[in-house]
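Q: Just so it is clear, I am handing over target03.txt, which has compact mmCIF, C-alpha atoms.
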# COMPACT_ATOMS: atom_id res chain seq x y z
CA MET A 19 0.00 0.00 0.00
CA ARG A 20 1.36 3.42 -0.97
CA ILE A 21 1.67 6.19 1.56
CA HIS A 22 1.50 9.65 0.04
CA PRO A 23 3.23 12.42 1.96
CA TRP A 24 1.98 15.90 1.23
CA ARG A 25 3.72 17.17 -1.87
CA SER A 26 5.19 20.48 -0.82
CA VAL A 27 4.80 23.39 -3.17
CA ALA A 28 8.30 22.97 -4.53
CA SER A 29 7.62 24.75 -7.79
CA ILE A 30 6.42 28.02 -6.33
CA SER A 31 8.31 30.93 -7.79
CA ALA A 32 10.82 32.83 -5.71
CA LEU A 33 8.42 35.77 -5.66
CA SER A 34 5.60 33.67 -4.21
CA LEU A 35 7.93 32.20 -1.62
CA ALA A 36 9.11 35.64 -0.59
CA ALA A 37 5.51 36.76 -0.23
CA ALA A 38 4.79 33.80 1.99
CA LEU A 39 7.74 34.64 4.19
CA LEU A 40 6.66 38.26 4.45
CA ALA A 41 3.19 37.08 5.45
CA GLY A 42 4.74 35.28 8.41
CA CYS A 43 4.17 31.73 7.21
CA ALA A 44 7.75 30.75 7.93
CA THR A 45 7.43 31.70 11.58
CA ALA A 46 4.43 29.50 12.30
CA ASP A 47 4.78 26.92 15.03
CA PRO A 48 5.26 23.57 13.23
CA ASN A 49 3.29 21.83 15.94
CA ALA A 50 0.31 24.20 16.01
CA VAL A 51 -1.92 22.33 13.58
CA ALA A 52 -4.73 20.77 15.60
CA ASP A 53 -7.22 23.64 15.48
CA GLY A 54 -6.73 24.59 11.85
CA THR A 55 -5.63 28.13 12.65
CA ASP A 56 -1.96 27.65 11.73
CA SER A 57 -0.48 26.35 8.51
CA GLY A 58 2.74 25.21 10.12
CA ALA A 59 2.35 21.54 9.13
CA SER A 60 5.51 20.28 7.47
CA ALA A 61 5.57 18.55 4.09
CA GLU A 62 5.97 15.16 5.78
CA GLU A 63 2.93 15.41 8.04
CA PHE A 64 0.17 14.80 5.49
CA VAL A 65 -0.58 11.15 4.89
CA LEU A 66 -3.16 10.16 2.32
CA SER A 67 -6.06 8.23 3.82
CA PRO A 68 -5.68 4.43 3.46
CA ARG A 69 -9.25 4.44 2.15
CA ILE A 70 -8.22 6.70 -0.74
CA VAL A 71 -4.99 4.79 -1.35
CA GLU A 72 -7.02 1.61 -1.72
CA LYS A 73 -9.36 3.28 -4.22
CA VAL A 74 -6.43 4.56 -6.27
CA ASP A 75 -4.67 1.18 -6.27
CA SER A 76 -7.85 -0.68 -7.23
CA GLY A 77 -8.65 1.71 -10.06
CA GLU A 78 -11.97 2.67 -8.45
CA GLN A 79 -13.45 5.95 -9.62
CA LEU A 80 -12.44 8.86 -7.41
CA THR A 81 -14.87 11.44 -6.01
CA ILE A 82 -13.69 15.05 -6.11
CA VAL A 83 -15.85 17.94 -4.95
CA VAL A 84 -15.55 21.60 -5.81
CA SER A 85 -17.11 23.72 -3.07
CA ALA A 86 -18.19 27.19 -4.18
CA PRO A 87 -19.02 30.03 -1.77
CA ASN A 88 -22.45 30.70 -3.28
CA THR A 89 -24.05 28.50 -5.92
CA SER A 90 -26.91 30.95 -6.56
CA LEU A 91 -24.73 33.61 -8.17
CA ALA A 92 -24.42 33.82 -11.94
CA PHE A 93 -20.66 33.35 -11.57
CA ALA A 94 -21.34 29.81 -10.29
CA ALA A 95 -22.82 28.63 -13.60
CA PRO A 96 -19.53 28.58 -15.56
CA GLN A 97 -17.77 27.08 -12.54
CA ARG A 98 -20.30 24.24 -12.62
CA GLN A 99 -19.66 23.81 -16.34
CA GLY A 100 -15.95 23.40 -15.67
CA VAL A 101 -16.62 20.69 -13.08
CA GLU A 102 -19.00 18.87 -15.42
CA ARG A 103 -16.42 18.97 -18.21
CA ALA A 104 -13.79 17.60 -15.83
CA ALA A 105 -16.07 14.73 -14.86
CA GLU A 106 -16.64 13.88 -18.50
CA GLU A 107 -13.03 14.14 -19.64
CA LEU A 108 -10.98 13.03 -16.63
CA GLY A 109 -12.79 9.87 -15.55
CA VAL A 110 -13.64 11.04 -12.04
CA ASP A 111 -16.87 11.63 -10.17
CA ALA A 112 -16.59 15.43 -9.98
CA ARG A 113 -19.30 17.31 -8.14
CA PHE A 114 -20.07 21.02 -7.77
CA ILE A 115 -21.39 21.86 -4.31
CA GLY A 116 -21.74 24.81 -1.95
CA PRO A 117 -24.33 26.87 -0.10
CA SER A 118 -27.04 28.56 -2.15
CA ASP A 119 -27.29 31.36 0.39
CA GLY A 120 -23.60 32.21 0.64
CA SER A 121 -23.42 31.24 4.31
CA ALA A 122 -20.24 30.00 5.97
CA ASP A 123 -22.27 27.61 8.14
CA GLY A 124 -23.81 26.02 5.07
CA GLN A 125 -20.43 25.44 3.46
CA ILE A 126 -18.92 24.14 6.69
CA ASN A 127 -21.73 21.68 7.40
CA GLU A 128 -21.73 20.29 3.87
CA LEU A 129 -17.99 19.69 3.88
CA ARG A 130 -17.94 18.24 7.40
CA THR A 131 -20.56 15.67 6.40
CA LEU A 132 -18.54 14.57 3.36
CA ILE A 133 -15.30 14.40 5.36
CA SER A 134 -16.69 12.56 8.39
CA GLN A 135 -18.55 10.02 6.28
CA GLY A 136 -15.60 9.35 3.98
CA GLN A 137 -17.59 10.36 0.90
CA VAL A 138 -14.89 12.37 -0.84
CA ASP A 139 -11.33 11.76 -2.07
CA GLY A 140 -10.29 15.32 -2.89
CA ILE A 141 -11.62 18.82 -2.26
CA ALA A 142 -11.24 22.13 -4.07
CA LEU A 143 -12.55 24.93 -1.88
CA SER A 144 -13.36 28.58 -2.41
CA ALA A 145 -14.15 29.67 1.14
CA VAL A 146 -17.09 31.88 2.01
CA ALA A 147 -14.95 33.26 4.86
CA ASN A 148 -11.32 32.30 5.34
CA ASP A 149 -11.14 32.15 9.13
CA ALA A 150 -14.42 30.26 9.45
CA LEU A 151 -13.27 27.53 7.06
CA LYS A 152 -9.80 26.99 8.52
CA PRO A 153 -10.97 24.30 11.02
CA VAL A 154 -12.71 22.35 8.23
CA ILE A 155 -9.60 22.52 6.08
CA ALA A 156 -7.68 21.10 9.06
CA GLU A 157 -10.26 18.31 9.41
CA ALA A 158 -9.71 17.31 5.78
CA PHE A 159 -5.94 17.37 6.33
CA ASP A 160 -6.20 15.20 9.44
CA ALA A 161 -8.52 12.79 7.61
CA GLY A 162 -5.94 12.35 4.84
CA ILE A 163 -8.07 14.07 2.20
CA PRO A 164 -6.10 16.40 -0.10
CA LEU A 165 -7.61 19.89 -0.20
CA ILE A 166 -6.65 22.80 -2.40
CA ALA A 167 -8.04 26.32 -2.43
CA TYR A 168 -9.36 27.70 -5.69
CA SER A 169 -10.31 31.26 -6.60
CA THR A 170 -9.87 32.47 -3.00
CA ASP A 171 -6.55 31.73 -1.30
CA ASN A 172 -6.60 30.85 2.41
CA PRO A 173 -3.10 31.52 3.76
CA GLY A 174 -2.50 30.29 7.28
CA SER A 175 -4.70 27.25 6.71
CA LYS A 176 -3.72 23.63 6.04
CA GLN A 177 -4.64 23.82 2.37
CA GLN A 178 -2.08 22.10 0.18
CA ALA A 179 -2.06 24.42 -2.83
CA PHE A 180 -3.87 27.37 -4.34
CA ILE A 181 -5.08 27.68 -7.92
CA GLY A 182 -6.64 30.85 -9.22
CA THR A 183 -6.11 34.29 -10.56
CA ASP A 184 -4.32 36.89 -8.49
CA VAL A 185 -7.21 38.65 -6.75
CA ALA A 186 -5.14 41.68 -5.80
CA ALA A 187 -3.71 41.95 -9.31
CA GLY A 188 -7.27 41.96 -10.63
CA GLY A 189 -8.20 44.88 -8.42
CA ALA A 190 -5.09 46.80 -9.43
CA LEU A 191 -5.76 46.10 -13.11
CA GLU A 192 -9.33 47.37 -12.77
CA ALA A 193 -8.09 50.64 -11.25
CA THR A 194 -5.32 51.13 -13.79
CA GLU A 195 -7.57 50.49 -16.78
CA LEU A 196 -10.29 52.73 -15.32
CA GLY A 197 -7.74 55.53 -15.14
CA LYS A 198 -6.97 55.03 -18.82
CA VAL A 199 -10.65 55.19 -19.75
CA LEU A 200 -11.18 58.39 -17.74
CA GLN A 201 -8.13 60.02 -19.37
CA GLY A 202 -7.26 62.23 -16.42
CA LYS A 203 -10.82 63.06 -15.43
CA THR A 204 -11.24 63.44 -11.67
CA GLY A 205 -14.15 62.85 -9.34
CA LYS A 206 -15.97 60.25 -7.29
CA VAL A 207 -15.92 56.50 -7.98
CA VAL A 208 -18.80 54.48 -6.51
CA THR A 209 -17.99 50.82 -5.86
CA PHE A 210 -20.28 47.83 -5.32
CA SER A 211 -19.89 44.28 -4.08
CA VAL A 212 -22.26 41.40 -3.40
CA ALA A 213 -20.16 40.60 -0.30
CA PRO A 214 -17.77 43.40 0.76
CA GLU A 215 -16.56 41.49 3.82
CA ALA A 216 -15.59 38.37 1.87
CA ALA A 217 -11.84 37.82 1.60
CA TRP A 218 -11.78 37.99 -2.20
CA SER A 219 -13.79 41.21 -2.28
CA ALA A 220 -11.82 42.96 0.45
CA THR A 221 -8.49 41.98 -1.13
CA ARG A 222 -9.64 43.10 -4.56
CA PHE A 223 -10.96 46.44 -3.30
CA ASP A 224 -7.84 47.22 -1.26
CA ALA A 225 -5.69 46.72 -4.36
CA PHE A 226 -8.14 48.74 -6.46
CA LYS A 227 -8.03 51.63 -4.01
CA GLU A 228 -4.24 51.54 -3.82
CA ALA A 229 -3.79 51.60 -7.61
CA LEU A 230 -6.43 54.22 -8.42
CA PRO A 231 -4.94 57.30 -10.10
CA GLU A 232 -4.73 60.57 -8.18
CA GLY A 233 -7.77 62.81 -8.40
CA LEU A 234 -10.26 59.95 -8.10
CA GLU A 235 -12.12 59.69 -4.81
CA VAL A 236 -13.20 56.13 -4.07
CA MET A 237 -15.99 55.08 -1.73
CA ASP A 238 -15.95 51.80 0.20
CA PRO A 239 -17.98 49.12 -1.60
CA ILE A 240 -21.73 49.31 -1.10
CA ASN A 241 -23.20 45.92 -0.18
CA THR A 242 -25.79 44.95 -2.80
CA GLY A 243 -26.50 41.43 -1.56
CA ASN A 244 -27.05 38.76 -4.20
CA GLU A 245 -30.77 38.95 -5.00
CA PRO A 246 -31.32 40.69 -8.38
CA ALA A 247 -34.03 43.16 -7.31
CA GLN A 248 -32.11 43.96 -4.13
CA MET A 249 -28.93 44.57 -6.12
CA PHE A 250 -30.64 46.96 -8.52
CA THR A 251 -32.28 48.87 -5.67
CA ALA A 252 -28.93 49.22 -3.89
CA VAL A 253 -27.35 50.62 -7.07
CA GLN A 254 -30.28 52.95 -7.68
CA ASN A 255 -30.15 54.35 -4.15
CA ALA A 256 -26.36 54.76 -4.20
CA MET A 257 -26.39 56.61 -7.49
CA ALA A 258 -29.24 58.87 -6.35
CA ALA A 259 -27.01 59.83 -3.42
CA ASN A 260 -23.97 60.32 -5.69
CA PRO A 261 -25.28 61.87 -8.92
CA ASP A 262 -21.91 63.46 -9.68
CA ALA A 263 -19.96 60.16 -9.73
CA VAL A 264 -17.69 59.84 -12.76
CA ALA A 265 -17.40 56.05 -12.56
CA ILE A 266 -18.86 52.88 -11.12
CA ALA A 267 -16.53 49.99 -10.30
CA SER A 268 -17.89 46.60 -9.28
CA MET A 269 -15.86 44.00 -7.43
CA ASP A 270 -17.80 41.07 -8.90
CA CYS A 271 -19.98 39.79 -11.72
CA CYS A 272 -23.41 40.48 -10.43
CA SER A 273 -23.48 43.92 -8.84
CA PHE A 274 -21.69 44.77 -12.11
CA THR A 275 -24.64 43.86 -14.31
CA ALA A 276 -27.05 45.60 -11.92
CA ALA A 277 -24.99 48.79 -12.19
CA ALA A 278 -24.82 48.51 -15.98
CA LYS A 279 -28.60 48.06 -16.16
CA TRP A 280 -29.14 51.21 -14.09
CA VAL A 281 -26.77 53.26 -16.24
CA ASP A 282 -28.33 51.95 -19.45
CA GLU A 283 -31.92 52.60 -18.43
CA PHE A 284 -31.94 55.42 -15.91
CA ALA A 285 -28.75 57.52 -15.90
CA GLN A 286 -29.32 61.08 -17.04
CA GLY A 287 -26.89 63.50 -18.65
CA GLU A 288 -23.25 62.43 -18.83
CA LYS A 289 -23.27 58.77 -17.85
CA PRO A 290 -20.61 57.37 -15.52
CA VAL A 291 -18.03 54.89 -16.78
CA VAL A 292 -18.92 51.34 -15.70
CA VAL A 293 -16.28 48.63 -15.12
CA GLY A 294 -16.17 45.32 -13.28
CA PHE A 295 -15.51 41.61 -13.38
CA ASP A 296 -16.43 38.49 -15.31
CA ALA A 297 -17.79 37.87 -18.79
CA LEU A 298 -21.43 36.99 -18.27
CA GLN A 299 -23.48 37.16 -21.48
CA GLN A 300 -25.31 40.22 -20.18
CA THR A 301 -21.98 41.91 -19.47
CA LEU A 302 -20.70 41.16 -22.98
CA ASP A 303 -23.89 42.64 -24.41
CA TYR A 304 -23.38 45.81 -22.36
CA ILE A 305 -19.77 46.06 -23.59
CA ASP A 306 -20.89 45.66 -27.19
CA LYS A 307 -23.55 48.31 -26.62
CA GLY A 308 -21.04 50.73 -25.11
CA VAL A 309 -22.63 50.87 -21.66
CA VAL A 310 -19.69 49.03 -20.05
CA SER A 311 -16.11 50.06 -20.80
CA PHE A 312 -14.44 46.79 -19.86
CA ALA A 313 -14.71 43.62 -17.81
CA ILE A 314 -11.97 41.48 -16.32
CA SER A 315 -12.57 37.79 -16.89
CA GLN A 316 -11.22 35.14 -14.53
CA VAL A 317 -12.20 32.30 -16.90
CA PRO A 318 -14.10 30.45 -14.12
CA SER A 319 -14.89 27.30 -16.11
CA GLU A 320 -11.17 26.76 -16.70
CA LEU A 321 -10.45 27.42 -13.05
CA THR A 322 -12.70 24.67 -11.73
CA TYR A 323 -11.67 22.26 -14.48
CA GLU A 324 -8.00 22.73 -13.59
CA SER A 325 -8.81 22.35 -9.88
CA VAL A 326 -10.31 18.91 -10.46
CA LYS A 327 -7.45 17.99 -12.78
CA MET A 328 -4.83 19.02 -10.21
CA LEU A 329 -6.39 16.75 -7.58
CA ARG A 330 -6.87 13.88 -10.05
CA ASP A 331 -3.25 14.10 -11.19
CA TYR A 332 -2.02 14.18 -7.61
CA LEU A 333 -3.98 11.11 -6.62
CA GLN A 334 -3.53 9.00 -9.73
CA ASN A 335 -0.18 10.18 -11.09
CA ASP A 336 1.68 11.37 -7.97
CA THR A 337 1.93 14.83 -9.51
CA PRO A 338 2.99 17.32 -6.81
CA LEU A 339 0.42 19.85 -5.70
CA ALA A 340 1.71 23.33 -6.48
CA ASP A 341 0.36 26.87 -6.42
CA THR A 342 -0.86 27.83 -9.88
CA THR A 343 -1.82 31.28 -11.14
CA LEU A 344 -4.16 31.60 -14.12
CA ASP A 345 -4.19 34.63 -16.38
CA LEU A 346 -6.80 37.38 -16.26
CA VAL A 347 -8.41 38.48 -19.52
CA LEU A 348 -9.31 42.12 -20.18
CA VAL A 349 -12.53 42.23 -22.21
CA THR A 350 -13.24 45.39 -24.22
CA LYS A 351 -15.22 46.29 -27.31
CA ASP A 352 -12.14 45.37 -29.35
CA ASN A 353 -12.18 41.68 -28.36
CA VAL A 354 -15.69 41.10 -27.02
CA ASP A 355 -16.66 39.01 -30.06
CA GLU A 356 -13.81 36.60 -29.28
CA ILE A 357 -14.91 35.91 -25.68
CA THR A 358 -16.88 32.82 -24.70
CA PRO A 359 -19.71 33.88 -22.36
CA GLU A 360 -19.44 32.68 -18.78
CA GLY A 361 -22.67 31.01 -17.83
I need this file expressed as structure tokens, please.
A:
Amino acid sequence: MRIHPWRSVASISALSLAAALLAGCATADPNAVADGTDSGASAEEFVLSPRIVEKVDSGEQLTIVVSAPNTSLAFAAPQRQGVERAAEELGVDARFIGPSDGSADGQINELRTLISQGQVDGIALSAVANDALKPVIAEAFDAGIPLIAYSTDNPGSKQQAFIGTDVAAGGALEATELGKVLQGKTGKVVTFSVAPEAAWSATRFDAFKEALPEGLEVMDPINTGNEPAQMFTAVQNAMAANPDAVAIASMDCCSFTAAAKWVDEFAQGEKPVVVGFDALQQTLDYIDKGVVSFAISQVPSELTYESVKMLRDYLQNDTPLADTTLDLVLVTKDNVDEITPEG
């Protein structure tokens, strides 16, 4: 029977390693791993569950789950498509799961059931809230179930790799490109997010704020929630309170389309520039129409596909788990016809 030690992230670039050291990862207590609040586990401490080893050796189909933070959002649809494609092409039982209400408790309870009942052989997780999910990540580690983070990194946890786009780089890119569109124009920028307190949103906004050109005054993201009518109302109220805003910047896919809808249908006079994330069909239509200046695509279907593939390759081919960064795609009117809609 094979015993699989945790494959350390040996292929991380020097830059990534330096960032980890600056974040304090190297100073973590190597023994402080029981409660899931410290990522100090050494490369030799992870041992693949004998149950999973037996499945691999017998050629039995593996079960890999991809846990999303909110399956009700439009952004979840292309992620689901990526998982379904992975199941079809990679010969594994790949499942897309996650809370439909975006609650940490829902995600925690679902994962704990799968882990405790031995129903899963690998997990890709995009955490609703990083700190809340750290204990569950530790439970998977202790149970010998490989777990990687996708889309949202969870440093300080016992995850074994991260695959995704650079969230901070996305925020900085949004700010830089917005500055180019405004061509030196100054004024107020209203920002929106479906979940401002979520790690991905906060990280993205901080980078956006830092990279915004001088002369632009940015507001903290207004929480729109994730229900369509609620999102539109939040945008409508915010813009009524800030009629002089020169731009709207969304931190996500869905407050983005709500903002674009408001600008398209209700904005009077000189309309604000609208920018945001993801290439939903509605967003592409707004770009083509000229309502939206640009979107930044994270190619979510590829992200979840590669997450499943990374876990499959680790289990079946002994391929080391390693941090992987996927490219962002800037979508403008110049290339919108070349972009595959997400969802």
Q: Would you mind listing what lies within 8 Å of region 122-126 of chain A as a PyMOL selection string, with all atoms listed in the file counted and same-chain residues fewer than 4 positions away left out?
A: chain A and resi 85+87+116-117+130+145-147+150-151+154
Q: How far is it from CA of Cys272 (chain A) to CA of Ala216 (chain A), in Å with one decimal?
A: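 Calculated distance between CA of Cys272 (chain A) and CA of Ala216 (chain A) is 14.7 Å.
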Q: Please determine, counting all atoms listed in the file, which residue among A:Val207, A:Ala158, A:Leu191, A:Met269 has the shortest atom-to-atom distance to Val349 (chain A).
A: A:Leu191
Q: Have a look at CA of Leu132 (chain A) and CA of Ala161 (chain A) and let me know their distance in Å, one decimal.
A: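 Going from CA of Leu132 (chain A) over to CA of Ala161 (chain A) covers 11.0 Å.
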Q: Hey, which of A:Asp184, A:Glu215, A:Asp306, A:Glu232 ends up closest to Val347 (chain A)? Count all atoms listed in the file.
A: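 Under the stated criterion, the closest residue is A:Asp184.
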Q: Just give me the gap between CA of Ser325 (chain A) and CA of Phe159 (chain A) in Å, one decimal is fine.
A: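 These atoms are spaced 17.2 Å apart.
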Q: Compare A:Ala256, A:Ala297, A:Val110, A:Ala156 by their minimum atom-to-atom distance to Ala92 (chain A), counting all atoms listed in the file, and give me the closest one.
A: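 Of all the options, A:Ala297 lies closest to Ala92 (chain A).
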Q: Pick the closest to Ser319 (chain A) from A:Phe180, A:Phe250, A:Tyr332, A:Phe93: which is it, counting all atoms listed in the file?
A: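 Residue with the minimum atom-to-atom distance to Ser319 (chain A): A:Phe93.
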Q: Quick one: everything within 10 Å of Asn148 (chain A), counting all atoms listed in the file, minus sequence neighbours fewer than 3 positions away in the same chain. Send it as a PDB file with C-alpha atoms, keeping the file's coordinate frame.
A:
ATOM      1  CA  ALA A 122     -20.240  30.000   5.970  1.00  0.00           C
ATOM      2  CA  SER A 144     -13.360  28.580  -2.410  1.00  0.00           C
ATOM      3  CA  ALA A 145     -14.150  29.670   1.140  1.00  0.00           C
ATOM      4  CA  LEU A 151     -13.270  27.530   7.060  1.00  0.00           C
ATOM      5  CA  LYS A 152      -9.800  26.990   8.520  1.00  0.00           C
ATOM      6  CA  PRO A 153     -10.970  24.300  11.020  1.00  0.00           C
ATOM      7  CA  ILE A 155      -9.600  22.520   6.080  1.00  0.00           C
ATOM      8  CA  THR A 170      -9.870  32.470  -3.000  1.00  0.00           C
ATOM      9  CA  ASP A 171      -6.550  31.730  -1.300  1.00  0.00           C
ATOM     10  CA  ASN A 172      -6.600  30.850   2.410  1.00  0.00           C
ATOM     11  CA  PRO A 173      -3.100  31.520   3.760  1.00  0.00           C
ATOM     12  CA  GLY A 174      -2.500  30.290   7.280  1.00  0.00           C
ATOM     13  CA  SER A 175      -4.700  27.250   6.710  1.00  0.00           C
ATOM     14  CA  ALA A 216     -15.590  38.370   1.870  1.00  0.00           C
ATOM     15  CA  ALA A 217     -11.840  37.820   1.600  1.00  0.00           C
ATOM     16  CA  TRP A 218     -11.780  37.990  -2.200  1.00  0.00           C
TER      17      TRP A 218
END
Q: For each of A:Asp238, A:Glu106, A:Glu228, A:Glu195, take the minimum atom-to-atom distance to Phe210 (chain A), counting all atoms listed in the file, then give the residue where this is smallest.
A: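 Going through A:Asp238, A:Glu106, A:Glu228, A:Glu195 one by one, the smallest distance to Phe210 (chain A) is for A:Asp238.
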Q: Find the residues of region 161-226 of chain A that sit at most 10 Å from region 274-278 of chain A; for each, write down the nearest two atoms and how far apart they are in Å, to one decimal. Count only C-alpha atoms. Sort by chain, then by number going up, and give it as a Markdown table.
A:
| residue | atom | partner | partner_atom | distance |
| --- | --- | --- | --- | --- |
| A:Thr209 | CA | A:Phe274 | CA | 9.5 |
| A:Phe210 | CA | A:Phe274 | CA | 7.6 |
| A:Ser211 | CA | A:Phe274 | CA | 8.2 |
| A:Val212 | CA | A:Phe274 | CA | 9.4 |
Q: Tell me which of A:Val326, A:Leu143, A:Ala167, A:Ala193 sits closest to Ala229 (chain A), counting all atoms listed in the file.
A: A:Ala193
Q: Near Val317 (chain A), within 12 Å and counting all atoms listed in the file, which residues show up once chain neighbours fewer than 5 positions away are dropped, as a CSV table (one decimal) with C-alpha atoms, in the coordinates of the input?
A:
chain,number,residue,atom,x,y,z
A,93,PHE,CA,-20.7,33.4,-11.6
A,94,ALA,CA,-21.3,29.8,-10.3
A,95,ALA,CA,-22.8,28.6,-13.6
A,96,PRO,CA,-19.5,28.6,-15.6
A,97,GLN,CA,-17.8,27.1,-12.5
A,99,GLN,CA,-19.7,23.8,-16.3
A,100,GLY,CA,-16.0,23.4,-15.7
A,169,SER,CA,-10.3,31.3,-6.6
A,182,GLY,CA,-6.6,30.8,-9.2
A,183,THR,CA,-6.1,34.3,-10.6
A,271,CYS,CA,-20.0,39.8,-11.7
A,295,PHE,CA,-15.5,41.6,-13.4
A,296,ASP,CA,-16.4,38.5,-15.3
A,297,ALA,CA,-17.8,37.9,-18.8
A,298,LEU,CA,-21.4,37.0,-18.3
A,322,THR,CA,-12.7,24.7,-11.7
A,323,TYR,CA,-11.7,22.3,-14.5
A,324,GLU,CA,-8.0,22.7,-13.6
A,343,THR,CA,-1.8,31.3,-11.1
A,344,LEU,CA,-4.2,31.6,-14.1
A,345,ASP,CA,-4.2,34.6,-16.4
A,346,LEU,CA,-6.8,37.4,-16.3
A,347,VAL,CA,-8.4,38.5,-19.5
A,348,LEU,CA,-9.3,42.1,-20.2
A,349,VAL,CA,-12.5,42.2,-22.2
A,357,ILE,CA,-14.9,35.9,-25.7
A,358,THR,CA,-16.9,32.8,-24.7
A,359,PRO,CA,-19.7,33.9,-22.4
A,360,GLU,CA,-19.4,32.7,-18.8
A,361,GLY,CA,-22.7,31.0,-17.8
Q: Can you tell me, as a ChimeraX atom specification, what residues are no more than 10 Å from Phe312 (chain A) when counting all atoms listed in the file, ignoring any on the same chain fewer than 3 positions away?
A: /A:192,195-196,199,291-297,301-302,304-306,308-309,315,348-352,354
Q: Counting all atoms listed in the file, which residues have an atom no more than 8 Å from (-29.1, 26.1, -7.0) in the file's coordinates? Please list them as a short mmCIF file (atom, residue, chain, number, x, y, z; two decimals) with C-alpha atoms, in the frame of the given file.
A:
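The result, written out as result_21.cif:
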data_model
loop_
_atom_site.label_atom_id
_atom_site.label_comp_id
_atom_site.auth_asym_id
_atom_site.auth_seq_id
_atom_site.Cartn_x
_atom_site.Cartn_y
_atom_site.Cartn_z
CA THR A 89 -24.05 28.50 -5.92
CA SER A 90 -26.91 30.95 -6.56
CA SER A 118 -27.04 28.56 -2.15
#
Q: Restricted to all heavy atoms, what does region 162-167 of chain A look like when written out as a PDB file, in the first residue's frame?
A:
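Output file decode.pdb is given in full below:
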ATOM      1  N   GLY A 162      -6.700  12.855   5.977  1.00  0.00           N
ATOM      2  CA  GLY A 162      -5.939  12.353   4.838  1.00  0.00           C
ATOM      3  C   GLY A 162      -6.589  12.636   3.504  1.00  0.00           C
ATOM      4  O   GLY A 162      -6.366  11.922   2.524  1.00  0.00           O
ATOM      5  N   ILE A 163      -7.397  13.688   3.443  1.00  0.00           N
ATOM      6  CA  ILE A 163      -8.067  14.070   2.197  1.00  0.00           C
ATOM      7  C   ILE A 163      -7.383  15.311   1.629  1.00  0.00           C
ATOM      8  O   ILE A 163      -7.382  16.365   2.276  1.00  0.00           O
ATOM      9  CB  ILE A 163      -9.560  14.365   2.439  1.00  0.00           C
ATOM     10  CG1 ILE A 163     -10.268  13.139   3.011  1.00  0.00           C
ATOM     11  CG2 ILE A 163     -10.236  14.821   1.148  1.00  0.00           C
ATOM     12  CD1 ILE A 163     -11.677  13.408   3.495  1.00  0.00           C
ATOM     13  N   PRO A 164      -6.780  15.232   0.458  1.00  0.00           N
ATOM     14  CA  PRO A 164      -6.104  16.403  -0.100  1.00  0.00           C
ATOM     15  C   PRO A 164      -7.100  17.524  -0.389  1.00  0.00           C
ATOM     16  O   PRO A 164      -8.173  17.285  -0.953  1.00  0.00           O
ATOM     17  CB  PRO A 164      -5.460  15.873  -1.385  1.00  0.00           C
ATOM     18  CG  PRO A 164      -6.266  14.659  -1.741  1.00  0.00           C
ATOM     19  CD  PRO A 164      -6.715  14.064  -0.448  1.00  0.00           C
ATOM     20  N   LEU A 165      -6.746  18.730   0.005  1.00  0.00           N
ATOM     21  CA  LEU A 165      -7.614  19.889  -0.202  1.00  0.00           C
ATOM     22  C   LEU A 165      -6.788  21.040  -0.751  1.00  0.00           C
ATOM     23  O   LEU A 165      -5.738  21.381  -0.198  1.00  0.00           O
ATOM     24  CB  LEU A 165      -8.285  20.297   1.110  1.00  0.00           C
ATOM     25  CG  LEU A 165      -9.278  21.466   1.033  1.00  0.00           C
ATOM     26  CD1 LEU A 165     -10.397  21.305   2.070  1.00  0.00           C
ATOM     27  CD2 LEU A 165      -8.585  22.827   1.227  1.00  0.00           C
ATOM     28  N   ILE A 166      -7.271  21.611  -1.836  1.00  0.00           N
ATOM     29  CA  ILE A 166      -6.650  22.800  -2.405  1.00  0.00           C
ATOM     30  C   ILE A 166      -7.669  23.931  -2.387  1.00  0.00           C
ATOM     31  O   ILE A 166      -8.877  23.706  -2.411  1.00  0.00           O
ATOM     32  CB  ILE A 166      -6.148  22.564  -3.841  1.00  0.00           C
ATOM     33  CG1 ILE A 166      -7.315  22.235  -4.782  1.00  0.00           C
ATOM     34  CG2 ILE A 166      -5.102  21.455  -3.878  1.00  0.00           C
ATOM     35  CD1 ILE A 166      -6.921  22.164  -6.256  1.00  0.00           C
ATOM     36  N   ALA A 167      -7.177  25.152  -2.317  1.00  0.00           N
ATOM     37  CA  ALA A 167      -8.043  26.319  -2.427  1.00  0.00           C
ATOM     38  C   ALA A 167      -8.093  26.741  -3.888  1.00  0.00           C
ATOM     39  O   ALA A 167      -7.083  26.679  -4.592  1.00  0.00           O
ATOM     40  CB  ALA A 167      -7.520  27.459  -1.572  1.00  0.00           C
TER      41      ALA A 167
END
